[in-house]
$ cat protein-v8.tsv   # TSV, C-alpha atoms
chain	number	residue	atom	x	y	z
A	1	MET	CA	74.32	118.22	72.52
A	2	PRO	CA	73.36	114.78	71.18
A	3	LYS	CA	70.67	112.92	73.04
A	4	THR	CA	71.79	110.19	75.41
A	5	PRO	CA	70.62	106.75	74.27
A	6	VAL	CA	68.45	104.77	76.67
A	7	THR	CA	68.19	101.00	76.43
A	8	LEU	CA	65.32	99.27	78.13
A	9	VAL	CA	66.04	95.77	79.44
A	10	THR	CA	62.88	93.85	80.11
A	11	GLY	CA	62.02	90.19	80.67
A	12	PHE	CA	59.86	87.99	82.85
A	13	LEU	CA	60.75	87.13	86.46
A	14	GLY	CA	63.78	84.87	86.59
A	15	SER	CA	64.52	85.15	82.89
A	16	GLY	CA	68.04	86.47	83.47
A	17	LYS	CA	67.78	90.27	83.17
A	18	THR	CA	69.94	91.01	86.17
A	19	THR	CA	72.59	88.46	85.18
A	20	LEU	CA	72.66	89.93	81.69
A	21	ILE	CA	73.04	93.49	82.97
A	22	SER	CA	75.67	92.54	85.56
A	23	ARG	CA	77.80	90.82	82.93
A	24	LEU	CA	77.34	93.58	80.41
A	25	LEU	CA	78.37	96.26	82.88
A	26	ALA	CA	81.59	94.39	83.61
A	27	HIS	CA	82.56	94.66	79.94
A	28	PRO	CA	85.24	97.28	79.16
A	29	ASP	CA	83.07	98.81	76.41
A	30	MET	CA	80.33	99.58	78.89
A	31	GLY	CA	81.99	102.37	80.87
A	32	GLU	CA	80.13	105.65	81.38
A	33	THR	CA	76.80	103.87	81.73
A	34	ALA	CA	74.11	105.05	84.12
A	35	VAL	CA	71.84	102.25	85.30
A	36	ILE	CA	68.33	102.55	86.65
A	37	VAL	CA	67.13	99.40	88.41
A	38	ASN	CA	64.27	98.28	90.61
A	39	GLU	CA	66.22	96.20	93.06
A	40	LEU	CA	69.36	97.68	94.56
A	41	GLY	CA	72.03	95.18	95.38
A	42	GLU	CA	71.24	92.66	92.69
A	43	VAL	CA	73.30	94.34	90.03
A	44	GLY	CA	76.53	94.23	91.96
A	45	ILE	CA	78.52	96.84	90.11
A	46	ASP	CA	79.66	99.80	92.13
A	47	HIS	CA	81.66	101.79	89.61
A	48	HIS	CA	78.61	102.60	87.54
A	49	LEU	CA	76.00	105.16	88.25
A	50	LEU	CA	73.31	103.11	89.85
A	51	ARG	CA	69.88	104.46	90.68
A	52	ARG	CA	66.87	102.77	92.11
A	53	VAL	CA	63.28	103.58	91.24
A	54	ASP	CA	59.96	102.35	92.50
A	55	GLU	CA	57.91	101.77	89.40
A	56	ARG	CA	55.24	104.38	89.56
A	57	THR	CA	52.85	105.16	86.81
A	58	VAL	CA	50.72	108.22	86.34
A	59	LEU	CA	47.55	107.55	84.43
A	60	LEU	CA	46.74	110.41	82.13
A	61	ASN	CA	43.25	111.70	81.52
A	62	SER	CA	42.90	109.76	78.31
A	63	GLY	CA	42.64	106.60	80.38
A	64	CYS	CA	44.82	104.79	77.90
A	65	VAL	CA	46.81	102.19	79.77
A	66	CYS	CA	49.92	102.22	77.58
A	67	CYS	CA	50.07	106.00	77.56
A	68	THR	CA	50.86	106.34	81.22
A	69	LEU	CA	53.82	108.41	82.21
A	70	ARG	CA	56.32	106.57	84.31
A	71	GLY	CA	56.82	109.46	86.71
A	72	ASP	CA	59.56	107.64	88.60
A	73	LEU	CA	61.61	107.15	85.48
A	74	ALA	CA	61.04	110.71	84.26
A	75	ASP	CA	62.18	112.04	87.67
A	76	GLU	CA	65.31	109.90	87.64
A	77	LEU	CA	66.28	110.79	84.08
A	78	ARG	CA	65.74	114.51	84.69
A	79	ASP	CA	67.78	114.29	87.88
A	80	LEU	CA	70.60	112.37	86.20
A	81	ASP	CA	70.76	114.95	83.45
A	82	SER	CA	70.74	117.99	85.71
A	83	ARG	CA	73.36	116.52	88.06
A	84	ARG	CA	75.54	115.66	85.08
A	85	THR	CA	75.21	119.23	83.81
A	86	ARG	CA	76.18	120.63	87.23
A	87	GLY	CA	79.18	118.28	87.37
A	88	GLU	CA	77.87	116.51	90.50
A	89	ILE	CA	78.16	113.10	88.88
A	90	PRO	CA	80.52	111.80	86.19
A	91	ASP	CA	79.45	112.17	82.60
A	92	PHE	CA	77.65	109.16	81.12
A	93	ARG	CA	77.06	108.27	77.51
A	94	ARG	CA	74.23	105.79	77.85
A	95	VAL	CA	71.49	104.76	80.24
A	96	VAL	CA	70.28	101.22	80.88
A	97	VAL	CA	66.86	100.84	82.50
A	98	GLU	CA	66.01	97.48	84.03
A	99	THR	CA	62.29	96.93	84.53
A	100	THR	CA	60.55	94.54	86.88
A	101	GLY	CA	59.55	91.21	85.37
A	102	LEU	CA	55.91	92.22	85.23
A	103	ALA	CA	56.46	95.69	83.79
A	104	ASP	CA	54.75	96.76	80.61
A	105	PRO	CA	57.39	98.36	78.34
A	106	ALA	CA	54.90	100.67	76.62
A	107	PRO	CA	54.67	103.36	79.36
A	108	ILE	CA	58.46	103.57	79.44
A	109	VAL	CA	58.61	104.08	75.68
A	110	TYR	CA	55.88	106.68	76.04
A	111	THR	CA	57.75	108.50	78.82
A	112	LEU	CA	60.89	108.74	76.67
A	113	ALA	CA	58.91	109.97	73.69
A	114	ALA	CA	56.51	112.34	75.39
A	115	GLU	CA	57.85	113.82	78.62
A	116	PRO	CA	59.00	117.29	77.52
A	117	VAL	CA	62.33	117.46	79.37
A	118	VAL	CA	63.20	113.80	79.02
A	119	ARG	CA	62.64	113.69	75.29
A	120	HIS	CA	64.87	116.71	74.84
A	121	HIS	CA	67.87	114.98	76.47
A	122	PHE	CA	67.29	111.26	75.94
A	123	GLU	CA	66.18	108.94	73.18
A	124	LEU	CA	65.23	105.28	73.08
A	125	ASP	CA	68.08	103.22	71.66
A	126	GLY	CA	66.14	99.98	71.83
A	127	ILE	CA	64.20	97.46	73.85
A	128	VAL	CA	66.00	94.29	74.91
A	129	ALA	CA	63.90	91.42	76.24
A	130	THR	CA	65.23	88.32	77.94
A	131	VAL	CA	63.41	85.04	77.35
A	132	ASP	CA	64.48	81.99	79.30
A	133	ALA	CA	65.19	78.93	77.10
A	134	LEU	CA	63.82	76.64	79.80
A	135	ASN	CA	60.41	78.26	80.28
A	136	GLY	CA	60.10	80.18	77.02
A	137	LEU	CA	57.12	82.35	76.27
A	138	VAL	CA	54.63	81.11	78.82
A	139	GLU	CA	53.34	84.16	80.66
A	140	PRO	CA	51.35	86.88	78.89
A	141	GLU	CA	53.82	89.49	80.15
A	142	SER	CA	56.79	87.68	78.62
A	143	VAL	CA	54.98	87.31	75.30
A	144	LYS	CA	54.26	91.02	75.23
A	145	GLN	CA	57.82	91.94	76.23
A	146	ALA	CA	59.23	89.77	73.42
A	147	ALA	CA	56.67	91.11	70.96
A	148	VAL	CA	57.71	94.75	71.41
A	149	ALA	CA	61.48	94.12	71.68
A	150	ASP	CA	64.15	95.10	69.17
A	151	VAL	CA	66.50	92.41	70.47
A	152	VAL	CA	65.45	89.23	72.25
A	153	VAL	CA	68.14	87.45	74.27
A	154	VAL	CA	67.31	83.79	74.77
A	155	THR	CA	69.01	83.07	78.11
A	156	LYS	CA	70.04	79.92	79.93
A	157	ALA	CA	71.19	78.31	76.69
A	158	ASP	CA	73.44	76.20	78.91
A	159	VAL	CA	70.56	74.51	80.74
A	160	ALA	CA	68.05	74.04	77.92
A	161	ASP	CA	68.17	73.74	74.17
A	162	PRO	CA	67.43	77.29	72.99
A	163	ASP	CA	66.28	76.29	69.49
A	164	ASP	CA	62.58	76.01	70.34
A	165	ALA	CA	62.51	79.34	72.17
A	166	VAL	CA	64.48	81.04	69.36
A	167	GLU	CA	62.08	79.71	66.75
A	168	ARG	CA	59.01	80.82	68.69
A	169	VAL	CA	60.42	84.28	69.29
A	170	ARG	CA	61.29	84.68	65.59
A	171	ALA	CA	57.75	83.69	64.63
A	172	LEU	CA	56.25	86.05	67.19
A	173	ASN	CA	58.45	89.04	66.39
A	174	PRO	CA	59.97	88.84	62.91
A	175	GLY	CA	61.43	92.33	63.30
A	176	ALA	CA	63.63	91.48	66.27
A	177	ASP	CA	67.20	90.23	66.36
A	178	VAL	CA	67.28	87.02	68.38
A	179	VAL	CA	70.52	86.09	70.14
A	180	GLU	CA	71.42	83.29	72.54
A	181	ALA	CA	73.33	83.70	75.78
A	182	SER	CA	74.58	81.59	78.67
A	183	PHE	CA	75.37	83.22	82.03
A	184	GLY	CA	74.67	86.63	80.49
A	185	GLU	CA	77.69	86.38	78.19
A	186	ILE	CA	77.07	88.67	75.25
A	187	GLU	CA	78.95	91.36	73.36
A	188	PRO	CA	77.46	94.81	74.14
A	189	ALA	CA	77.51	95.68	70.42
A	190	ARG	CA	74.80	93.04	69.90
A	191	LEU	CA	72.45	95.05	72.11
A	192	PHE	CA	73.47	98.72	72.12
A	193	GLY	CA	73.74	101.30	69.35
A	194	ARG	CA	72.79	98.76	66.71
A	195	PRO	CA	72.07	99.89	63.17
A	196	ARG	CA	68.36	99.83	62.52
A	197	ARG	CA	67.38	96.60	60.90
A	198	ASP	CA	65.89	96.94	57.46
A	199	PRO	CA	62.29	95.79	57.70
A	200	ARG	CA	62.70	94.33	54.22
A	201	ASP	CA	64.65	91.51	55.83
A	202	PHE	CA	61.58	90.43	57.74
A	203	PRO	CA	60.00	87.16	56.62
A	204	ALA	CA	56.63	87.64	54.98
A	205	ASP	CA	55.00	84.67	56.59
A	206	GLY	CA	55.62	85.19	60.28
A	207	HIS	CA	52.06	84.20	60.99
A	208	VAL	CA	52.24	82.14	64.17
A	209	HIS	CA	50.15	82.63	67.27
A	210	GLU	CA	51.71	82.93	70.72
A	211	GLY	CA	49.29	83.62	73.54
A	212	GLY	CA	46.76	84.95	71.02
A	213	ILE	CA	49.34	87.26	69.43
A	214	ALA	CA	50.11	87.00	65.74
A	215	SER	CA	52.48	88.80	63.42
A	216	PHE	CA	52.12	89.44	59.74
A	217	CYS	CA	53.69	91.54	57.00
A	218	LEU	CA	51.96	93.64	54.37
A	219	PHE	CA	53.52	94.67	51.07
A	220	LEU	CA	52.16	97.56	49.03
A	221	ASP	CA	52.99	97.88	45.37
A	222	GLU	CA	51.51	101.35	45.03
A	223	PRO	CA	53.19	104.40	46.64
A	224	VAL	CA	51.81	105.38	50.03
A	225	ASP	CA	50.06	108.70	50.47
A	226	TRP	CA	51.51	109.91	53.76
A	227	THR	CA	48.50	112.01	54.72
A	228	ALA	CA	46.10	109.12	54.15
A	229	PHE	CA	48.44	106.75	55.95
A	230	GLY	CA	48.63	109.03	59.00
A	231	ILE	CA	44.83	109.24	59.13
A	232	TRP	CA	44.53	105.47	58.78
A	233	LEU	CA	47.12	104.55	61.40
A	234	THR	CA	45.94	107.07	64.00
A	235	MET	CA	42.37	105.82	63.54
A	236	LEU	CA	43.54	102.20	63.80
A	237	LEU	CA	45.51	103.00	66.97
A	238	GLN	CA	42.44	104.60	68.53
A	239	ALA	CA	40.22	101.64	67.59
A	240	ARG	CA	42.63	98.75	68.10
A	241	GLY	CA	45.68	100.26	69.81
A	242	SER	CA	45.59	98.05	72.88
A	243	ASP	CA	45.71	95.00	70.61
A	244	LEU	CA	48.35	96.37	68.25
A	245	LEU	CA	51.59	95.80	70.12
A	246	ARG	CA	54.06	96.80	67.46
A	247	VAL	CA	54.07	98.27	63.97
A	248	LYS	CA	57.26	98.75	62.02
A	249	GLY	CA	57.98	99.34	58.39
A	250	LEU	CA	59.48	101.07	55.41
A	251	LEU	CA	57.10	103.21	53.36
A	252	ASN	CA	57.48	104.40	49.81
A	253	VAL	CA	56.05	107.91	50.06
A	254	GLY	CA	57.53	108.99	46.75
A	255	GLY	CA	60.82	110.46	47.98
A	256	GLU	CA	64.39	109.40	47.21
A	257	GLY	CA	64.49	107.02	50.14
A	258	PRO	CA	61.84	105.30	52.24
A	259	LEU	CA	60.21	106.51	55.42
A	260	LEU	CA	61.00	104.39	58.46
A	261	LEU	CA	58.02	103.90	60.75
A	262	ASN	CA	58.30	102.46	64.28
A	263	GLY	CA	55.51	102.23	66.84
A	264	VAL	CA	54.95	100.49	70.17
A	265	GLN	CA	51.24	100.36	70.99
A	266	HIS	CA	49.93	103.93	70.79
A	267	VAL	CA	53.39	105.46	70.74
A	268	VAL	CA	54.75	106.15	67.27
A	269	HIS	CA	58.28	107.49	67.00
A	270	PRO	CA	58.76	110.46	64.68
A	271	PRO	CA	59.00	108.87	61.21
A	272	GLU	CA	62.51	109.03	59.80
A	273	HIS	CA	63.39	109.66	56.14
A	274	LEU	CA	66.16	107.30	55.08
A	275	PRO	CA	68.50	108.67	52.40
A	276	ALA	CA	68.17	105.72	50.02
A	277	TRP	CA	66.49	102.39	49.45
A	278	PRO	CA	68.58	99.36	50.33
A	279	ASP	CA	67.99	97.80	46.90
A	280	GLY	CA	65.88	98.10	43.77
A	281	ASP	CA	62.70	96.88	45.47
A	282	ARG	CA	60.69	99.95	46.35
A	283	ARG	CA	57.58	98.29	47.68
A	284	SER	CA	56.41	99.48	51.07
A	285	ARG	CA	56.53	96.87	53.79
A	286	LEU	CA	54.83	96.90	57.18
A	287	VAL	CA	55.08	94.40	60.02
A	288	PHE	CA	52.24	94.19	62.52
A	289	ILE	CA	52.31	92.30	65.82
A	290	GLY	CA	49.03	92.17	67.68
A	291	ARG	CA	46.03	90.32	68.97
A	292	GLY	CA	42.94	89.59	66.93
A	293	LEU	CA	44.11	91.45	63.83
A	294	GLU	CA	43.60	89.66	60.56
A	295	ARG	CA	45.99	90.34	57.71
A	296	GLY	CA	43.38	90.53	54.94
A	297	GLU	CA	41.19	92.91	56.94
A	298	VAL	CA	44.07	95.27	57.73
A	299	GLU	CA	45.33	95.19	54.13
A	300	ARG	CA	41.89	95.96	52.63
A	301	SER	CA	41.49	98.87	55.00
A	302	LEU	CA	44.94	100.34	54.35
A	303	LEU	CA	44.48	100.06	50.57
A	304	ALA	CA	41.05	101.72	50.73
A	305	PHE	CA	42.43	104.68	52.71
A	306	ASN	CA	45.48	104.93	50.46
A	307	ARG	CA	43.36	105.00	47.32
A	308	ALA	CA	41.18	107.69	48.86
A	309	GLY	CA	44.37	109.72	49.24
A	310	ASN	CA	45.63	109.16	45.69
B	1	MET	CA	53.84	110.51	68.75
B	2	CYS	CA	51.14	109.01	70.92
B	3	GLY	CA	48.00	108.21	69.01
B	4	LEU	CA	45.80	109.25	71.89
B	5	CYS	CA	47.77	111.72	73.93
B	6	GLY	CA	49.24	113.91	71.20
B	7	VAL	CA	48.04	116.94	73.10
B	8	LEU	CA	51.14	116.73	75.27
B	9	LEU	CA	53.44	116.99	72.33
B	10	SER	CA	54.52	119.87	70.17
B	11	GLU	CA	53.57	118.25	66.90
B	12	HIS	CA	51.81	114.99	66.22
B	13	TRP	CA	53.89	112.49	64.23
B	14	ALA	CA	51.28	112.27	61.49
B	15	GLU	CA	51.28	116.05	61.03
B	16	GLU	CA	55.01	116.69	61.12
B	17	SER	CA	55.59	117.74	57.55
B	18	GLY	CA	53.78	119.22	54.61
B	19	GLY	CA	52.70	122.64	55.86
B	20	ARG	CA	49.38	124.32	55.04
B	21	ARG	CA	48.75	122.46	51.82
B	22	ALA	CA	49.07	119.06	53.48
B	23	ARG	CA	46.89	120.27	56.34
B	24	GLY	CA	44.18	121.29	53.88
B	25	PHE	CA	44.35	117.93	52.12
B	26	ARG	CA	44.21	116.18	55.52
B	27	VAL	CA	40.98	118.01	56.36
B	28	VAL	CA	39.46	116.95	53.01
B	29	LEU	CA	40.40	113.32	53.57
B	30	LEU	CA	39.31	113.33	57.20
B	31	ASN	CA	35.92	114.68	56.17
B	32	ARG	CA	35.47	111.75	53.79
B	33	VAL	CA	35.95	109.42	56.75
B	34	LEU	CA	34.05	111.45	59.33
B	35	SER	CA	31.01	112.03	57.08
B	36	HIS	CA	30.32	108.30	57.31
B	37	TYR	CA	29.63	108.91	61.01
B	38	GLY	CA	27.66	112.13	60.53
B	39	LEU	CA	30.57	114.33	61.56
B	40	SER	CA	32.49	117.14	59.89
B	41	LEU	CA	35.80	118.83	60.55
B	42	SER	CA	37.11	122.29	59.79
B	43	ASP	CA	40.50	123.85	60.22
B	44	TRP	CA	40.67	126.80	62.58
B	45	ALA	CA	43.47	129.19	61.66
B	46	GLY	CA	45.87	126.36	60.89
B	47	SER	CA	46.31	125.64	64.58
B	48	VAL	CA	43.41	123.51	65.80
B	49	TYR	CA	40.45	121.69	64.29
B	50	THR	CA	36.75	122.04	65.04
B	51	LEU	CA	34.72	118.84	64.95
B	52	ARG	CA	30.93	119.03	64.59
B	53	ASP	CA	27.99	116.65	64.53
B	54	ARG	CA	24.60	117.15	62.83
B	55	LYS	CA	22.97	118.24	66.09
B	56	GLY	CA	25.28	121.23	66.26
B	57	ARG	CA	27.49	119.90	69.02
B	58	SER	CA	31.16	120.64	68.55
B	59	ALA	CA	34.59	119.96	70.00
B	60	VAL	CA	37.94	121.61	69.47
B	61	VAL	CA	40.84	119.23	68.90
B	62	THR	CA	44.48	120.18	68.69
B	63	ASP	CA	45.67	117.37	66.46
B	64	ILE	CA	44.82	114.15	64.73
B	65	GLY	CA	45.81	112.15	67.80
B	66	MET	CA	43.03	113.72	69.85
B	67	LEU	CA	40.57	113.72	67.00
B	68	TRP	CA	39.44	110.10	67.07
B	69	ALA	CA	38.56	109.97	70.77
B	70	GLU	CA	36.48	113.15	70.41
B	71	ALA	CA	34.87	111.83	67.22
B	72	GLU	CA	33.86	108.63	69.05
B	73	LYS	CA	32.25	110.70	71.80
B	74	LEU	CA	30.27	112.82	69.35
B	75	ALA	CA	29.31	109.86	67.14
B	76	GLY	CA	28.37	107.77	70.17
B	77	ARG	CA	30.02	104.69	68.71
B	78	PRO	CA	33.48	103.33	67.95
B	79	LEU	CA	35.10	104.46	64.72
B	80	ASP	CA	36.89	101.46	63.27
B	81	PRO	CA	38.96	101.79	60.08
B	82	LEU	CA	38.49	98.06	59.45
B	83	ASP	CA	34.68	98.49	59.22
B	84	PRO	CA	33.61	97.26	55.73
B	85	GLY	CA	30.82	99.87	55.64
B	86	LEU	CA	33.36	102.68	55.99
B	87	LEU	CA	35.63	101.14	53.36
B	88	ALA	CA	32.71	100.89	50.93
B	89	ALA	CA	31.94	104.57	51.58
B	90	LEU	CA	35.55	105.52	50.80
B	91	ALA	CA	35.62	103.59	47.49

$ encode --input "protein-v8.tsv" --output "structure tokens"
Amino acid sequence: MPKTPVTLVTGFLGSGKTTLISRLLAHPDMGETAVIVNELGEVGIDHHLLRRVDERTVLLNSGCVCCTLRGDLADELRDLDSRRTRGEIPDFRRVVVETTGLADPAPIVYTLAAEPVVRHHFELDGIVATVDALNGLVEPESVKQAAVADVVVVTKADVADPDDAVERVRALNPGADVVEASFGEIEPARLFGRPRRDPRDFPADGHVHEGGIASFCLFLDEPVDWTAFGIWLTMLLQARGSDLLRVKGLLNVGGEGPLLLNGVQHVVHPPEHLPAWPDGDRRSRLVFIGRGLERGEVERSLLAFNRAGN
Amino acid sequence: MCGLCGVLLSEHWAEESGGRRARGFRVVLLNRVLSHYGLSLSDWAGSVYTLRDRKGRSAVVTDIGMLWAEAEKLAGRPLDPLDPGLLAALA
């Protein structure tokens, strides 16, 4: 049975998450959606499966903050799946999880990737972050949410010019799709089940600081030794993982197609072999979003490890 | 999957493919890095690794995700891949 996609909707307090979800759920394409929210009653849709959770994190022995299991979410997902299997609730083909405005998305990503039962039945479809055009990226939480997102929805485009917020989000997270919305009006296809964006489209010079966070891209002309790369990235995640919010890229590991890499803080999704390169350019490309990481330093280190492997 | 908590998972993302040959090569490469910190690593029956320091202390690690935290404990200092001294040693 295919895994059920889970979309995480995050965004700072008052940035329009609930409005976005309410409008989306009213769309005819959004039937058979289970929704997990923090505040019952705000998402006023009664024909959907609606569950409430109290955000509850379980800190694991490693003491790593991002690698905490969201026990509440794991419990809800397991329960949804077993009740679906027993026929106690209608079948659903996707799950939308709304977080609180202050929630850190990383433990949720970790829960989906690591909890043994959950990861067998569910998979992360993507992270959607709402950023309000009026207030933009002011709070550290909203900067982090936008930095790790796959899609950023700039909301309240009716009350403030969204251009500034859109530009700042694009500079912060060159790997994300940025879309504008007023009153939560958006086509579900813009947010759910999207084809993975080719990291080669990312601009090379996304080097702008937002709340101490910078993004940059690295290109590698030489093929990547996968063993050396795995050693390098795991060591980097141990040393600098709390500052490395997102890493994403296409790697030339010598096969027919590239290897797609996607990580949120310490959590790296299983790398995926793509069948073919999108064009004749076979250089590896990696996008990093983090705090206090300097492009030249990271590049020198990666090249040194890669040469040790070759 | 998780760089630090790989112990929970069936197979660490960085060790997903390649079989015994890749595992052997990984141990060789890891030893080039770890020797800079006075540590060494050996494969134990293709299932776990044994990490040792020069004083004879050792730790068993299940995968590369766990390795770095244990290596930091044994070395008594952070292991940073951006450290120019380490990069010079790898050259």

$ atom_distance --input "protein-v8.tsv" --atom1 "atom CA of Leu293 of chain A" --atom2 "atom CA of Pro140 of chain A"
17.3 Å

$ interface_residues --input "protein-v8.tsv" --of "chain A" --to "chain B" --cutoff "8 Å" --atoms "all atoms listed in the file" --output "PyMOL selection string"
chain A and resi 62+64+67+110+113-114+116+227-228+230-232+234-240+266-271+297-298+300-301+304-305+307-309

$ atom_distance --input "protein-v8.tsv" --atom1 "atom CA of Ala103 of chain A" --atom2 "atom CA of Lys248 of chain A"
22.0 Å

$ atom_distance --input "protein-v8.tsv" --atom1 "atom CA of Val179 of chain A" --atom2 "atom CA of Leu261 of chain A"
23.7 Å

$ closest_residue --input "protein-v8.tsv" --among "B:Arg77, B:Thr50, B:Arg57, B:Asp43" --to "Arg21 of chain B" --atoms "only C-alpha atoms"
B:Asp43

$ residues_around --input "protein-v8.tsv" --residues "Asp53 of chain B" --least-positions-apart "2" --cutoff "10 Å" --atoms "only C-alpha atoms" --output "PyMOL selection string"
chain B and resi 34-35+37-41+51+55-59+71+74-75

$ closest_residue --input "protein-v8.tsv" --among "A:Ala157, A:Val166, A:Val178, A:Ala146" --to "Leu245 of chain A" --atoms "all atoms listed in the file"
A:Ala146

$ closest_residue --input "protein-v8.tsv" --among "A:Gly136, A:Gly126, A:Gly193, A:Gly71" --to "Arg93 of chain A" --atoms "only C-alpha atoms"
A:Gly193

$ closest_residue --input "protein-v8.tsv" --among "A:Gly16, A:Pro223, A:Pro278, A:Gly292" --to "Ala181 of chain A" --atoms "all atoms listed in the file"
A:Gly16

$ decode --input "protein-v8.tsv" --residues "segment 69-81 of chain B" --atoms "C-alpha atoms" --output "short mmCIF file (atom, residue, chain, number, x, y, z; two decimals), in the first residue's frame"
data_model
loop_
_atom_site.label_atom_id
_atom_site.label_comp_id
_atom_site.auth_asym_id
_atom_site.auth_seq_id
_atom_site.Cartn_x
_atom_site.Cartn_y
_atom_site.Cartn_z
CA ALA B 69 29.05 11.77 19.18
CA GLU B 70 31.01 8.80 20.58
CA ALA B 71 34.19 10.01 18.88
CA GLU B 72 33.77 13.43 20.50
CA LYS B 73 33.42 11.79 23.90
CA LEU B 74 36.55 9.69 23.46
CA ALA B 75 38.57 12.53 21.92
CA GLY B 76 37.39 14.96 24.59
CA ARG B 77 36.90 17.71 22.04
CA PRO B 78 34.59 18.63 19.16
CA LEU B 79 35.33 17.06 15.79
CA ASP B 80 34.72 19.72 13.17
CA PRO B 81 35.05 18.90 9.46
#
